[in-house]
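Student: Okay, handing you the structure first.
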There are 2 protein chains.
Amino acid sequence: MIVTVTLNTALDLTYRVPALTPRASHRVTQVIERPGGKGLNVARVLAALGYETVATGFAGGATGAVLRDGLAATPVRDELVETAGSTRRTVAVVDAADGDTTQLNEPGPTVTAAEWDAFRTRFTALLDGAAAVALCGSLPPGIHVGAYAELVRLARAAAVPVLLDTSGEPLRRGIAARPDLVKPNADELAQLTGAREPRRATLDARRRGAHAVVSSLGPEGLLAATPEGLWRAAPPAPVKGNPTGAGDSAVAGLLSGLVDGVPWPDRLVRAVALSAATVLSPVAGEFDAGAYEELLGRVKTTEETP
Amino acid sequence: MIVTVTLNTALDLTYRVPALTPRASHRVTQVIERPGGKGLNVARVLAALGYETVATGFAGGATGAVLRDGLAATPVRDELVETAGSTRRTVAVVDAADGDTTQLNEPGPTVTAAEWDAFRTRFTALLDGAAAVALCGSLPPGIHVGAYAELVRLARAAAVPVLLDTSGEPLRRGIAARPDLVKPNADELAQLTGAREPRRATLDARRRGAHAVVSSLGPEGLLAATPEGLWRAAPPAPVKGNPTGAGDSAVAGLLSGLVDGVPWPDRLVRAVALSAATVLSPVAGEFDAGAYEELLGRVKTTEETP
């Protein structure tokens with residue numbers, strides 16, 4: 001089984017409005033409500049691919065209950081730990097005129113020391129039998145900035161491969177604990193290393209402690225610095241659509257390749273194909289299964305000299 | 001007791017963001033969550049003034065449960081009828097840089113015919129013993145456009161004075177059923193009568209069937225066309241602050257004057273003072289009790305010839 005961790009889960013709301021105008025009053029014409037947070041998105045994609053998947057992290061209050069109801073309708077096993085505080089909401093306001101999205105993210109509930117202890121106990125128990133674990137997204141208020149570093153060390157002590165997908169100081173600390181894989185995007189890389197050039201920044205990030213770094217370059221695909229070599233992987237042609245969830249799908253692709261023990265280039269092919277199939281899906285955050293199968297044979301990988 | 005009706009209740013969320021920028025991602029720095037919808041706001045103000053107040057209408061789903069929890073923390077008696085659909089949310093995004101508000105309103109759940117029947121039964125029961133009833137706000141999907149006209153007729157049949165505060169076609173139909181009082185704002189008046197000049201529009205609205213029309217003129221106060229005469233009432237000086245809920249506070253002032261049987265000019269003084277005290281309150285939708293008491297002695301009323 002694959003375990004995904006979402007410490008700051010969210011009830012994701014998507015509001016469609018005819019046109020977003022600051023200072024005006026808007027009638028929302030469509031409301032979509034679904035469980036969110038990066039780790040839950042990754043888990044949903046893995047479960048859709050047929051992997052046994054477990055989601056842990058925190059959920060609480062009325063929004064947490066709605067989130068768990070939504071999760072129960074998927075094949076993902078719910079191992080979320082209850083918090084006294086209410087799970088946050090995020091609101092994506094989609095302007096029907098131009099398709100652009102304006103995002104509003106609540107900070108999330110403050111997690112208490114006792115809740116963090118309960119989570120570590122649950123996490124440690126789940127490591128027993130896990131083929132891989134993914135630590136995803138931001139930290140909610142109340143959790144110490146070295147939390148991901150602590151979880152990386154617990155996973156390593158249990159000999160479970162661990163992927164880290166976060167940003168800022170939690171990423172900096174987490175990388176130093178030597179995770180098997182980190183998956184930063186261009187902004188996260190630049191913030192971590194100070195370098196804007198992706199290849200230089202990716203190699204620099206790897207020197208900070210991660211066994212492998214897979215950097216997402218947006219529409220240009222992925223750049224992977226691994227113990228076995230340096231690769232680029234890109235979709236056969238630019239894909240147009242909604243990029244929401246494309247990064248989470250790439251994480252799911254990398255995890256599926258990891259647990260199946262396929263070579264690095266094939267892991268990157270899966271990640272790029274899933275990511276592109278997510279952009280192509282009409283529903284934000286879902287992937288187009290037909291496009292995924294078709295893209296698997298057409299993603300280009302090239303090896304580079306480090 | 002005073003009964004307020006809110007057919008389309010809402011869980012009102014206020015999000016504070018450093019600055020609202022379309023197409024950007026925003027970290028919400030403060031979240032305020034409270035029961036909303038015009039009738040609930042009116043009820044809360046009346047209860048704060050010491051009146052026995054009952055709120056009815058619809059609530060359902062997880063957001064409905066949160067709304068009812070919030071209402072239970074006030075002195076307002078909860079007589080809301082359960083719906084299968086979830087109560088809507090409204091999101092007010094306050095830009096901390098300029099204080100401006102951008103409003104996003106979910107449409108609300110579709111109310112079924114059986115739910116509407118259950119509501120009418122509850123409403124009819126509550127009319128027995130009511131000193132006044134206020135019908136407030138928009139209609140949720142599924143409820144026929146003549147719903148307020150139907151409720152006005154039920155109230156009149158029970159000899160309970162009825163105030164109507166809505167807009168568009170529900171207002172047009174409702175007025176024709178001869179409510180005791182309607183309280184349109186300038187936009188609602190113009191939409192109803194086609195006239196922009198407030199005095200002309202107010203007199204025209206009265207000819208359409210309401211026994212009295214109290215038009216809110218924003219910062220300039222109120223204009224009332226009643227069987228006893230035509231009055232203007234205005235705050236002693238312009239008030240600066242957040243106008244959220246000022247109209248609902250004016251309705252509460254008019255109802256309090258109605259049930260206490262005070263003369264029209266005194267009703268208008270209460271309405272203008274409560275409205276201004278709401279603008280002056282640092283918390284959106286609450287009123288400053290000290291300012292209210294002080295303003296009661298300083299609101300100016302003038303009688304005009306119709």
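Chain labels run A, B, ... following the order of the structure tokens; each chain numbers its residues from 1, and ligands are numbered from 1 in the order shown.
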Excluding stretch 104-113 of chain B and any residue of its chain fewer than 2 positions from it, enumerate the residues within 7 Å of it, using only C-alpha atoms, and give them as a list in words.
Tutor: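 Listing them by chain and then by number gives Ser25, His26, Arg27, Val28 and Thr29 of chain A; Asn8, Thr83, Gly85, Ser86, Thr87, Arg88, Arg89, Thr90, Val91, Ala92, Thr102, Glu115, Trp116, Asp117, Pro140, Pro141, Gly142 and Ile143 of chain B.
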Student: Take the residues that were just selected and, keeping C-alpha atoms, output them as a tab-separated table (two decimals), in the first residue's frame.
Tutor:
chain	number	residue	atom	x	y	z
A	25	SER	CA	-21.29	41.37	-5.80
A	26	HIS	CA	-21.31	38.07	-7.72
A	27	ARG	CA	-23.90	35.37	-8.10
A	28	VAL	CA	-22.03	32.05	-8.14
A	29	THR	CA	-23.54	29.98	-10.97
B	8	ASN	CA	-32.47	31.53	1.64
B	83	THR	CA	-33.98	20.91	3.77
B	85	GLY	CA	-30.05	20.34	0.18
B	86	SER	CA	-27.18	22.15	1.85
B	87	THR	CA	-27.55	25.74	2.99
B	88	ARG	CA	-25.52	28.08	0.78
B	89	ARG	CA	-22.41	30.01	1.74
B	90	THR	CA	-21.64	33.62	0.95
B	91	VAL	CA	-18.03	34.81	0.88
B	92	ALA	CA	-17.18	38.47	1.50
B	102	THR	CA	-15.95	41.66	-3.09
B	115	GLU	CA	-40.28	21.29	2.03
B	116	TRP	CA	-42.24	24.38	0.98
B	117	ASP	CA	-45.43	22.76	2.33
B	140	PRO	CA	-33.89	29.98	-3.08
B	141	PRO	CA	-34.18	27.86	-6.25
B	142	GLY	CA	-37.35	25.79	-6.42
B	143	ILE	CA	-39.64	28.28	-4.68
Student: Pick out the residues sitting within 6 Å of stretch 179-193 of chain B, and hand them over as a list in words; count only C-alpha atoms, and ignore anything fewer than 6 positions along from it in its own chain.
Tutor: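 Once the adjacent positions are removed, what remains is Val152, Pro161, Val162, Leu163, Leu164, Asp165, Ser167, Ala201, Ala210, His211, Ala212, Val213, Val214, Ser215 and Ser216 of chain B.
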Student: Next, dump the selected residues to file, keeping only N, CA and C atoms, as a short mmCIF file (atom, residue, chain, number, x, y, z; two decimals), in the first residue's frame.
Tutor:
data_model
loop_
_atom_site.label_atom_id
_atom_site.label_comp_id
_atom_site.auth_asym_id
_atom_site.auth_seq_id
_atom_site.Cartn_x
_atom_site.Cartn_y
_atom_site.Cartn_z
N VAL B 152 -47.57 36.85 2.54
CA VAL B 152 -48.23 38.12 2.94
C VAL B 152 -49.71 37.86 3.18
N PRO B 161 -49.25 42.06 11.38
CA PRO B 161 -48.59 43.02 10.51
C PRO B 161 -47.38 42.39 9.83
N VAL B 162 -47.22 42.66 8.53
CA VAL B 162 -46.17 41.98 7.77
C VAL B 162 -45.31 42.99 7.01
N LEU B 163 -44.00 42.85 7.17
CA LEU B 163 -43.01 43.68 6.47
C LEU B 163 -42.33 42.82 5.41
N LEU B 164 -42.14 43.39 4.21
CA LEU B 164 -41.50 42.65 3.12
C LEU B 164 -40.24 43.39 2.68
N ASP B 165 -39.11 42.66 2.68
CA ASP B 165 -37.84 43.28 2.25
C ASP B 165 -37.17 42.34 1.25
N SER B 167 -36.56 41.92 -3.46
CA SER B 167 -36.32 42.70 -4.68
C SER B 167 -36.88 41.98 -5.89
N ALA B 201 -40.62 57.61 -6.77
CA ALA B 201 -40.60 56.14 -6.78
C ALA B 201 -41.26 55.58 -5.52
N ALA B 210 -48.64 48.45 -1.08
CA ALA B 210 -48.15 48.42 0.30
C ALA B 210 -48.82 49.54 1.11
N HIS B 211 -49.19 49.24 2.35
CA HIS B 211 -49.78 50.28 3.20
C HIS B 211 -48.77 51.38 3.49
N ALA B 212 -47.51 51.00 3.64
CA ALA B 212 -46.46 51.99 3.85
C ALA B 212 -45.21 51.53 3.11
N VAL B 213 -44.44 52.51 2.63
CA VAL B 213 -43.17 52.21 1.96
C VAL B 213 -42.09 53.04 2.66
N VAL B 214 -41.05 52.36 3.14
CA VAL B 214 -39.92 53.08 3.72
C VAL B 214 -38.72 52.80 2.81
N SER B 215 -38.27 53.83 2.10
CA SER B 215 -37.17 53.66 1.15
C SER B 215 -35.87 54.06 1.84
N SER B 216 -34.86 53.20 1.67
CA SER B 216 -33.57 53.57 2.26
C SER B 216 -32.77 54.30 1.20
#
Student: Rank nothing, just name the residue among B:Val42, B:Ala234, B:Leu11, B:Val66 nearest to chain A, using only C-alpha atoms.
Tutor: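 Under the stated criterion, the closest residue is B:Val66.
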Student: For a quick check of understanding, using only C-alpha atoms, which of A:Asn41, A:Thr101, A:Thr9, A:Asn242 has the smallest distance to chain B?
Tutor: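 Of all the options, A:Thr101 lies closest to chain B.
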Student: Determine the nearest neighbour of A:Val45 from the options A:Ala252, A:Ala118, A:Val17, A:Leu295, counting only C-alpha atoms.
Tutor: A:Ala252
Student: Enumerate, as a PyMOL selection string, the complete set of residues in stretch 62-286 of chain A that a backbone-based DSSP assignment places in strand (DSSP E or B).
Tutor: chain A and resi 77-83+88-95+101-105+132-136+162-165+181-182+185+212-216+222-226+229-234
